[in-house]
Amino acid sequence: MRDPIPFGTPAWCAALREEVNASSEYRNAAAKWGVGFNGNLLLDFEADGGLSAPLHLFLALAGGRCDRAEFVAGRAHAETGFSLRAPFSLWREILERRTLAATAILTGKMKVEGDKLTLLKHAGANRALIHCVASVPTEFPSPR
Amino acid sequence: MTALRKEFQAKVAGSVRAGGEVSPAQTTNFGHLFHSTPRLLLEPRGADDVVAAIAFARAKGLTLSTRGAGHSQSHVGLSDGGILLSMVSMGRVLRVDPDALTVDVEAGLAWGDLLRHLEPLGLAPPVLTNNLNVTVGGTLSIAGIGVASFRHGTQGDQVVELDVATGSGELVTCGPDREPDLFWSVIAGLGQVGIITRARLRLRRVKPMTRTYYLLYDDARRFMEDARDAMNSGRWDHLESWASPSPQGTKPVNGRRQIFARWFFPFHPTVEFDPKAPPNDEALLAGLRPTEKLYVDDLPTYEFFARLLPVFDLWKRGGTWEHVHAWTESVLPWETTPDLLDAILPDLPPSILVGGHILLWPAKGTTSRSRLFMRPEGENLMGFGVLPAIPPQFWTEAKPMVEVVSRLSVAMGGKRYLSGYVEFTETEWRDHFGPMWEPFVQAKRQWDPDGILNPGFIPLDSRRPAAVPTA
């Protein structure tokens, strides 16, 4: 069993990238993600539930691979194709599989910037990505 | 006999039972998701009984719900502490007019029983549901769609006239040109403003035989191109299609290995014919590009109408009829259908379709005049139904997936078909009916002023201003 890595650190980003690129589930499900369109994601974790300041995770994704994963400053990133924004507590629910990401998007609890239809029609790719994120052994900030 | 039951029985000719005497089957429906017991159950003998039951419910402050064959899957056909009318006791064919091509029937008549009556006359309703055991009143209250809907719209579009017992206790005859606002609030109106007691239905003459071509496609987009051409060609009487899984092994989904499938698209265009003039196969199939032509089936037309009953019998014998049926049926914009299939099918475990299936019904956007049968705009539409049979112990696990299918359908511009499993918030109900929400609320207020009819599903409240939400 791997040691938990603190969330929000470069080491966590490296572990996530490794997880994605080692995942046949993601490679298959996301084979068409980012092909012919900008599939880079910016995941916004809004401060709540133990996260004292917002975090912004940029993922460069195309053709079933992750070429870059890094926390960036601010909600704007020039290379972003889609951004997904939700309170940190909702992200925790999704990563702990208490809520489906698709449900969070479809009910409007998770805010989407970018072509929502494209995001929805690649539901499998995004589901597989969430699974990869959830598979990284993570030390999340404790709720206050 | 309780005093209330005795008092009710004195006012009606049909048999009244108390809640404790109701059969378990009448406390749930085909969905097996909701269970509730009525205080009183009436098997009405006729329209007078229905009118009397409404008056009694109003006087006693009880709700009144209607149940046909109980094939719905949401809180429909059930009563929680009110009066439940089991309409199948009103199942007579009243009059066939072979010259006018109409038939008058009581609302509790099953479509299959109507067909048995009409077969010697060579007549049939233009649109039939796949399941012929459902009732006329039941499907007209939802809309009623079938494999001929691409030509003839819904069953509701084939109604000439209705007798309706309104929630205010009047028995009103209505039709597209007579009390049209009431008529179109009853068709696909889920029993919210009145209860259908009699329907005059349009009929057509039937050719004796059908020929069905079992075509198989391995590509959804090519299948849809051919389905659109088939609809436009005017050659076909019935069009039916499916998404059919070929299991391929297991793959990880959320880290757990699950059976996955390669999906194929069977397409079954059917033409009716006279044996003296059999169809020209080559001419009929010209332009269609299936991956494979599997089979050509000639059947007497009335057997064609009943073609799925052996499948339903198999489901019953196999036990899956008693499983949870959270059917998710939608009418989709033609343009977004392939995207929705791409989003849903890859992760859909084929095992949930044991005792069920996935329907794809090409349809025309112009064939229905129904006001409350909500469908997207567009010349071509696609009926899409994920119809699983889920073992009850897996329902909690399957529910989020079913909800995602429903929400994805809506997000891609679809409208849910309301006989299935629907759990909308009030906002989602308003979105579903769109510009028809306010007229529907107004109709409810006008014809069911006490709000007694069929509560528990659509949150229409007669006493609440239309713009004010319940919570």
# chains A, B, ... in the order shown; residues from 1 in each chain; ligands from 1
call {"tool": "interface_residues", "arguments": {"of": "chain B", "to": "chain A", "cutoff": "6 Å", "atoms": "only C-alpha atoms", "output": "list of chain:residue names"}}
result
B:Pro252, B:Asn254, B:Asp339, B:Ala343
call {"tool": "residues_around", "arguments": {"residues": "Asn454 of chain B", "least_positions_apart": "4", "cutoff": "7 Å", "atoms": "only C-alpha atoms", "output": "list in words"}}
result
Leu64, Ser65, Thr66, Gly191 and Gln192 of chain B
call {"tool": "write_last_selection", "arguments": {"atoms": "N, CA and C atoms", "output": "compact mmCIF listing (two decimals), in the first residue's frame"}}
result
# COMPACT_ATOMS: atom_id res chain seq x y z
N LEU B 64 -58.36 10.47 -5.02
CA LEU B 64 -58.89 9.40 -5.86
C LEU B 64 -57.89 9.15 -6.99
N SER B 65 -57.42 7.93 -7.05
CA SER B 65 -56.43 7.57 -8.07
C SER B 65 -56.99 6.47 -8.97
N THR B 66 -56.42 6.39 -10.16
CA THR B 66 -56.91 5.41 -11.12
C THR B 66 -55.79 4.44 -11.47
N GLY B 191 -54.20 11.62 -15.88
CA GLY B 191 -55.36 11.60 -14.99
C GLY B 191 -55.41 12.75 -14.01
N GLN B 192 -54.82 13.88 -14.39
CA GLN B 192 -54.76 15.01 -13.45
C GLN B 192 -56.02 15.85 -13.44
call {"tool": "residues_around", "arguments": {"residues": "Pro439 of chain B", "least_positions_apart": "5", "cutoff": "10 Å", "atoms": "only C-alpha atoms", "output": "list in words"}}
result
Asp181, Ser185, Arg371, Leu372, Phe433, Lys444, Arg445 and Ala466 of chain B
call {"tool": "residues_around", "arguments": {"residues": "Tyr421 of chain B", "least_positions_apart": "6", "cutoff": "9 Å", "atoms": "only C-alpha atoms", "output": "PyMOL selection string"}}
result
chain B and resi 31+33+72-75+325-329
call {"tool": "residues_around", "arguments": {"residues": "Trp184 of chain B", "least_positions_apart": "5", "cutoff": "10 Å", "atoms": "only C-alpha atoms", "output": "ChimeraX atom specification"}}
result
/B:156-157,174-176,179,189,369-373,440,443
call {"tool": "residues_around", "arguments": {"residues": "Pro346 of chain B", "least_positions_apart": "4", "cutoff": "8 Å", "atoms": "only C-alpha atoms", "output": "PyMOL selection string"}}
result
(chain A and resi 124) or (chain B and resi 260-262+342)
call {"tool": "residues_around", "arguments": {"residues": "Leu78 of chain B", "least_positions_apart": "5", "cutoff": "10 Å", "atoms": "only C-alpha atoms", "output": "ChimeraX atom specification"}}
result
/B:26-29,34-38,64-67,70,72,83-86,454-456
call {"tool": "write_last_selection", "arguments": {"atoms": "C-alpha atoms", "output": "mmCIF file, in the first residue's frame"}}
result
data_model
loop_
_atom_site.group_PDB
_atom_site.id
_atom_site.type_symbol
_atom_site.label_atom_id
_atom_site.label_comp_id
_atom_site.auth_asym_id
_atom_site.auth_seq_id
_atom_site.Cartn_x
_atom_site.Cartn_y
_atom_site.Cartn_z
ATOM 1 C CA GLN B 26 -52.513 -3.640 -6.401
ATOM 2 C CA THR B 27 -50.278 -1.927 -3.858
ATOM 3 C CA THR B 28 -47.437 -1.580 -6.346
ATOM 4 C CA ASN B 29 -47.012 -1.375 -10.105
ATOM 5 C CA PHE B 34 -43.282 2.268 -4.833
ATOM 6 C CA HIS B 35 -45.753 0.590 -2.526
ATOM 7 C CA SER B 36 -48.857 2.097 -1.011
ATOM 8 C CA THR B 37 -52.216 0.886 0.202
ATOM 9 C CA PRO B 38 -55.482 2.614 -0.605
ATOM 10 C CA LEU B 64 -58.888 9.405 -5.864
ATOM 11 C CA SER B 65 -56.430 7.566 -8.073
ATOM 12 C CA THR B 66 -56.908 5.407 -11.118
ATOM 13 C CA ARG B 67 -55.236 2.198 -12.094
ATOM 14 C CA GLY B 70 -50.546 -1.010 -13.481
ATOM 15 C CA SER B 72 -46.326 2.446 -15.015
ATOM 16 C CA ILE B 83 -59.692 5.720 -3.077
ATOM 17 C CA LEU B 84 -58.222 3.618 -5.882
ATOM 18 C CA LEU B 85 -60.335 2.880 -8.946
ATOM 19 C CA SER B 86 -59.334 -0.377 -10.591
ATOM 20 C CA ASN B 454 -53.990 11.095 -8.967
ATOM 21 C CA PRO B 455 -51.647 12.839 -6.515
ATOM 22 C CA GLY B 456 -48.079 11.794 -5.840
#
call {"tool": "select_by_dssp", "arguments": {"residues": "chain A", "states": "strand (DSSP E or B)", "output": "ChimeraX atom specification"}}
result
/A:5-6,41-46,55-62,65-71,82-87,111-113,138-139
call {"tool": "atom_distance", "arguments": {"atom1": "atom CA of Phe394 of chain B", "atom2": "atom CA of Trp429 of chain B"}}
result
27.4 Å
call {"tool": "closest_residue", "arguments": {"among": "A:Pro87, A:Gly64, A:Pro6, A:Gly50", "to": "Ala22 of chain A", "atoms": "only C-alpha atoms"}}
result
A:Gly64
call {"tool": "select_by_dssp", "arguments": {"residues": "segment 263-296 of chain B", "states": "helix (DSSP H, G or I)", "output": "list of chain:residue names"}}
result
B:Asp281, B:Glu282, B:Ala283, B:Leu284, B:Leu285
call {"tool": "write_last_selection", "arguments": {"atoms": "N, CA and C atoms", "output": "PDB file, in the first residue's frame"}}
result
ATOM      1  N   ASP B 281     -39.237  -7.413 -52.378  1.00  0.00           N
ATOM      2  CA  ASP B 281     -38.176  -7.208 -51.381  1.00  0.00           C
ATOM      3  C   ASP B 281     -37.115  -6.228 -51.869  1.00  0.00           C
ATOM      4  N   GLU B 282     -36.710  -6.423 -53.100  1.00  0.00           N
ATOM      5  CA  GLU B 282     -35.618  -5.605 -53.640  1.00  0.00           C
ATOM      6  C   GLU B 282     -35.998  -4.112 -53.651  1.00  0.00           C
ATOM      7  N   ALA B 283     -37.235  -3.867 -54.092  1.00  0.00           N
ATOM      8  CA  ALA B 283     -37.687  -2.470 -54.162  1.00  0.00           C
ATOM      9  C   ALA B 283     -37.816  -1.866 -52.767  1.00  0.00           C
ATOM     10  N   LEU B 284     -38.320  -2.668 -51.851  1.00  0.00           N
ATOM     11  CA  LEU B 284     -38.509  -2.144 -50.495  1.00  0.00           C
ATOM     12  C   LEU B 284     -37.178  -1.803 -49.831  1.00  0.00           C
ATOM     13  N   LEU B 285     -36.201  -2.662 -50.032  1.00  0.00           N
ATOM     14  CA  LEU B 285     -34.922  -2.493 -49.324  1.00  0.00           C
ATOM     15  C   LEU B 285     -33.932  -1.606 -50.074  1.00  0.00           C
TER      16      LEU B 285
END
call {"tool": "atom_distance", "arguments": {"atom1": "atom CA of Val402 of chain B", "atom2": "atom CA of Ala389 of chain B"}}
result
11.6 Å
